[in-house]
>>> print(open('final23.txt').read())   # compact mmCIF, C-alpha atoms
# COMPACT_ATOMS: atom_id res chain seq x y z
CA MET C 4 0.00 0.00 0.00
CA TYR C 5 2.86 2.41 0.77
CA GLU C 6 5.34 1.26 -1.89
CA LYS C 7 5.44 4.67 -3.58
CA SER C 8 6.05 6.48 -0.29
CA ILE C 9 8.78 4.01 0.68
CA ALA C 10 10.49 4.56 -2.68
CA LEU C 11 10.36 8.36 -2.25
CA LEU C 12 11.58 8.15 1.33
CA ASN C 13 14.50 5.97 0.21
CA ARG C 14 15.37 8.48 -2.52
CA ALA C 15 15.47 11.13 0.19
CA VAL C 16 17.70 8.91 2.34
CA ALA C 17 20.12 8.60 -0.58
CA ASP C 18 20.18 12.37 -1.10
CA GLU C 19 20.62 13.08 2.60
CA LEU C 20 23.49 10.59 2.84
CA ALA C 21 25.18 12.26 -0.12
CA ALA C 22 24.75 15.62 1.62
CA VAL C 23 26.24 14.27 4.87
CA HIS C 24 29.32 13.02 3.02
CA GLN C 25 29.72 16.23 0.99
CA TYR C 26 29.30 18.57 3.95
CA LEU C 27 31.70 16.57 6.09
CA TYR C 28 34.25 16.79 3.28
CA PHE C 29 33.75 20.58 3.20
CA HIS C 30 34.02 20.71 6.99
CA PHE C 31 37.36 18.88 6.99
CA HIS C 32 38.87 21.20 4.38
CA CYS C 33 37.53 24.42 5.92
CA GLU C 34 38.85 23.30 9.30
CA ASP C 35 42.24 22.52 7.76
CA GLN C 36 42.38 25.99 6.21
CA GLY C 37 41.50 27.64 9.53
CA PHE C 38 38.01 28.75 8.49
CA GLU C 39 36.32 27.71 11.72
CA LEU C 40 33.00 29.50 11.19
CA LEU C 41 32.46 27.84 7.84
CA ALA C 42 33.80 24.51 9.11
CA GLY C 43 31.30 24.68 11.96
CA LEU C 44 28.46 25.54 9.60
CA PHE C 45 29.21 22.56 7.38
CA LEU C 46 29.55 20.25 10.38
CA ARG C 47 26.26 21.39 11.95
CA THR C 48 24.51 20.97 8.62
CA ALA C 49 25.94 17.46 8.17
CA ILE C 50 24.69 16.53 11.62
CA GLU C 51 21.22 17.88 10.81
CA GLU C 52 21.23 15.88 7.58
CA MET C 53 22.06 12.76 9.64
CA GLY C 54 18.98 13.51 11.71
CA HIS C 55 16.98 13.67 8.49
CA VAL C 56 18.25 10.23 7.53
CA GLU C 57 17.11 8.90 10.90
CA ARG C 58 13.60 10.39 10.57
CA LEU C 59 13.25 9.06 7.04
CA ALA C 60 14.52 5.61 8.03
CA GLU C 61 12.13 5.41 10.97
CA ARG C 62 9.23 6.21 8.64
CA ILE C 63 10.35 3.65 6.05
CA ILE C 64 10.53 0.93 8.70
CA PHE C 65 7.16 1.99 10.15
CA LEU C 66 5.64 1.59 6.68
CA GLY C 67 7.11 -1.92 6.41
CA GLY C 68 9.96 -1.10 4.04
CA ASP C 69 13.70 -1.53 4.19
CA VAL C 70 16.13 1.38 4.35
CA GLU C 71 18.53 1.70 1.42
CA MET C 72 21.78 3.20 2.69
CA THR C 73 23.47 4.13 -0.60
CA PRO C 74 24.29 7.81 -1.21
CA SER C 75 22.87 9.26 -4.42
CA ALA C 76 26.14 10.95 -5.45
CA GLU C 77 29.89 10.79 -5.02
CA VAL C 78 31.69 13.43 -2.98
CA GLN C 79 32.88 16.30 -5.15
CA LYS C 80 36.49 17.22 -4.31
CA ILE C 81 35.94 20.96 -3.97
CA ARG C 82 38.33 22.97 -1.81
CA ASP C 83 37.46 26.51 -2.88
CA VAL C 84 35.14 28.02 -0.26
CA ALA C 85 33.02 29.99 -2.74
CA LYS C 86 32.45 26.84 -4.79
CA MET C 87 31.61 24.89 -1.63
CA LEU C 88 28.93 27.40 -0.75
CA GLU C 89 27.56 27.42 -4.30
CA MET C 90 27.38 23.65 -4.32
CA GLY C 91 25.67 23.61 -0.94
CA MET C 92 23.08 26.10 -2.19
CA THR C 93 22.48 24.02 -5.31
CA MET C 94 22.08 20.85 -3.27
CA GLU C 95 19.64 22.49 -0.85
CA GLN C 96 17.60 23.99 -3.72
CA GLY C 97 17.31 20.55 -5.29
CA SER C 98 16.16 19.04 -2.02
CA VAL C 99 13.53 21.74 -1.51
CA ARG C 100 12.21 21.18 -5.02
CA ASP C 101 12.13 17.38 -4.69
CA TYR C 102 10.69 17.30 -1.17
CA ASN C 103 7.85 19.64 -2.12
CA VAL C 104 6.93 17.37 -5.04
CA TRP C 105 7.28 14.24 -2.95
CA ALA C 106 5.15 15.69 -0.14
CA ASN C 107 2.37 16.20 -2.67
CA GLU C 108 2.80 12.68 -4.07
CA CYS C 109 2.55 11.18 -0.58
CA ALA C 110 -0.56 13.24 0.15
CA ALA C 111 -2.12 12.04 -3.13
CA ASN C 112 -1.49 8.47 -1.97
CA ALA C 113 -3.17 9.05 1.42
CA ASP C 114 0.11 9.09 3.36
CA SER C 115 -0.07 12.22 5.49
CA GLY C 116 2.72 11.02 7.80
CA SER C 117 5.30 10.92 5.03
CA ARG C 118 3.94 14.17 3.60
CA GLY C 119 4.53 15.82 6.96
CA ILE C 120 8.11 14.60 7.14
CA PHE C 121 8.84 15.99 3.67
CA GLU C 122 7.26 19.32 4.63
CA GLN C 123 9.47 19.52 7.75
CA LEU C 124 12.52 18.71 5.65
CA VAL C 125 11.64 21.52 3.22
CA ALA C 126 11.80 24.05 6.06
CA ASP C 127 15.19 22.72 7.22
CA GLU C 128 16.64 22.71 3.70
CA GLU C 129 15.41 26.26 3.06
CA ARG C 130 17.20 27.35 6.25
CA HIS C 131 20.40 25.61 5.12
CA TYR C 132 20.15 27.35 1.76
CA ASP C 133 19.75 30.71 3.49
CA GLN C 134 22.79 30.08 5.72
CA TYR C 135 24.96 29.20 2.72
CA ASP C 136 23.63 32.20 0.78
CA ASN C 137 24.46 34.53 3.68
CA GLU C 138 28.01 33.18 3.83
CA ARG C 139 28.35 33.49 0.05
CA GLN C 140 27.23 37.13 0.29
CA ASN C 141 29.75 37.80 3.08
CA LEU C 142 32.49 36.29 0.95
CA ALA C 143 31.43 38.36 -2.08
CA ARG C 144 31.26 41.54 0.02
CA PHE C 145 34.48 41.13 2.00
CA GLY C 146 36.50 38.78 -0.21
CA ASP C 147 39.56 37.07 1.15
CA ARG C 148 39.52 39.39 4.18
CA TYR C 149 36.46 37.49 5.41
CA LEU C 150 38.36 34.20 5.30
CA ALA C 151 41.55 35.75 6.68
CA LEU C 152 39.70 37.01 9.76
CA GLN C 153 38.41 33.50 10.48
CA SER C 154 41.91 32.10 10.19
CA ILE C 155 43.42 34.83 12.39
CA GLU C 156 40.79 34.30 15.09
CA ARG C 157 41.56 30.59 15.13
CA SER C 158 45.30 31.25 15.40
CA LYS C 159 44.75 33.65 18.33
CA ARG C 160 42.55 31.12 20.11
CA VAL C 161 45.03 28.29 19.62
CA ALA C 162 47.92 30.45 20.79
CA SER C 163 46.06 31.59 23.91
CA SER C 164 45.15 28.02 24.83
CA GLY C 165 48.76 26.88 24.77
CA GLY C 166 48.62 25.17 21.38
CA GLY C 167 47.47 21.62 21.10
CA GLU C 168 45.48 22.29 17.97
CA ALA C 169 46.82 23.27 14.57
>>> encode(input="final23.txt", output="structure tokens")
Amino acid sequence: MYEKSIALLNRAVADELAAVHQYLYFHFHCEDQGFELLAGLFLRTAIEEMGHVERLAERIIFLGGDVEMTPSAEVQKIRDVAKMLEMGMTMEQGSVRDYNVWANECAANADSGSRGIFEQLVADEERHYDQYDNERQNLARFGDRYLALQSIERSKRVASSGGGEA
């Protein structure tokens, strides 16, 4: 009875897993470059996406399906911060578009529970998009100075704590 919903929920799991992997990759490289604010943003977003996977998986199991744990895309090896933010915005836009459509499909198949999950995810993904867009605007406005300030702040914090972290 819920085969269509289970298929859509599993597609969302695949997309969310791809996002987790991509955002963790961005986190690692921002952290390595000393861009703590951006590293933290990517890490928090990855953790939220993990929570999405959990909600989706719980719904799939409730509906009697099995959770497919295969990401929908390979990690893109992007190390340029502006390109990271652009990719994040593109990914979030795609999720918003898909989840809106899938919410409607679930509703048409008398599955209000899955519809509600997709609607909640839309709100989260729109917030992620906005966060990435704000950072992209800061980068466009302040250029490399914006990134340099993040790196300097990290260096000052590490120095004042006696080292231990590079």
>>> residues_around(input="final23.txt", residues="Val23 in chain C", least_positions_apart="4", cutoff="7 Å", atoms="only C-alpha atoms", output="list of chain:residue names")
C:Glu19, C:Leu27, C:Ala49, C:Glu52, C:Met53
>>> residues_around(input="final23.txt", residues="Gly68 in chain C", least_positions_apart="3", cutoff="8 Å", atoms="all atoms listed in the file", output="ChimeraX atom specification")
/C:6,9,63-65
>>> write_last_selection(input="final23.txt", atoms="C-alpha atoms", output="compact mmCIF listing (two decimals), in the coordinates of the input")
# COMPACT_ATOMS: atom_id res chain seq x y z
CA GLU C 6 5.34 1.26 -1.89
CA ILE C 9 8.78 4.01 0.68
CA ILE C 63 10.35 3.65 6.05
CA ILE C 64 10.53 0.93 8.70
CA PHE C 65 7.16 1.99 10.15
>>> closest_residue(input="final23.txt", among="C:Val125, C:Ala22, C:Cys33, C:Ala17", to="Leu150 in chain C", atoms="all atoms listed in the file")
C:Cys33
>>> axis_aligned_box(input="final23.txt", around="range 108-112 of chain C", padding_each_side="6 Å", output="AutoDock Vina command-line options")
--center_x 0.3 --center_y 10.9 --center_z -2.0 --size_x 16.9 --size_y 16.8 --size_z 16.2
>>> residues_near_point(input="final23.txt", point="(13.0, 22.7, -3.6)", cutoff="12 Å", atoms="only C-alpha atoms", output="PyMOL selection string")
chain C and resi 92-106+121-122+124-132
>>> closest_residue(input="final23.txt", among="C:Ser164, C:Gln134, C:Ser8, C:Gln36", to="Asp69 in chain C", atoms="all atoms listed in the file")
C:Ser8
>>> residues_around(input="final23.txt", residues="range 143-146 of chain C", least_positions_apart="5", cutoff="12 Å", atoms="only C-alpha atoms", output="PDB file with C-alpha atoms, in the frame of the given file")
ATOM      1  CA  VAL C  84      35.140  28.020  -0.260  1.00  0.00           C
ATOM      2  CA  ALA C  85      33.020  29.990  -2.740  1.00  0.00           C
ATOM      3  CA  LYS C  86      32.450  26.840  -4.790  1.00  0.00           C
ATOM      4  CA  LEU C  88      28.930  27.400  -0.750  1.00  0.00           C
ATOM      5  CA  GLU C  89      27.560  27.420  -4.300  1.00  0.00           C
ATOM      6  CA  ASP C 136      23.630  32.200   0.780  1.00  0.00           C
ATOM      7  CA  ASN C 137      24.460  34.530   3.680  1.00  0.00           C
ATOM      8  CA  GLU C 138      28.010  33.180   3.830  1.00  0.00           C
ATOM      9  CA  ALA C 151      41.550  35.750   6.680  1.00  0.00           C
ATOM     10  CA  LEU C 152      39.700  37.010   9.760  1.00  0.00           C
TER      11      LEU C 152
END
>>> closest_residue(input="final23.txt", among="C:Gln25, C:Asn107, C:Gln140, C:Asn13", to="Glu77 in chain C", atoms="only C-alpha atoms")
C:Gln25
>>> closest_residue(input="final23.txt", among="C:Met87, C:Gly67, C:His24, C:Leu12", to="Ile120 in chain C", atoms="all atoms listed in the file")
C:Leu12
>>> closest_residue(input="final23.txt", among="C:Ala21, C:Arg58, C:Ala111, C:Tyr26", to="Leu44 in chain C", atoms="all atoms listed in the file")
C:Tyr26
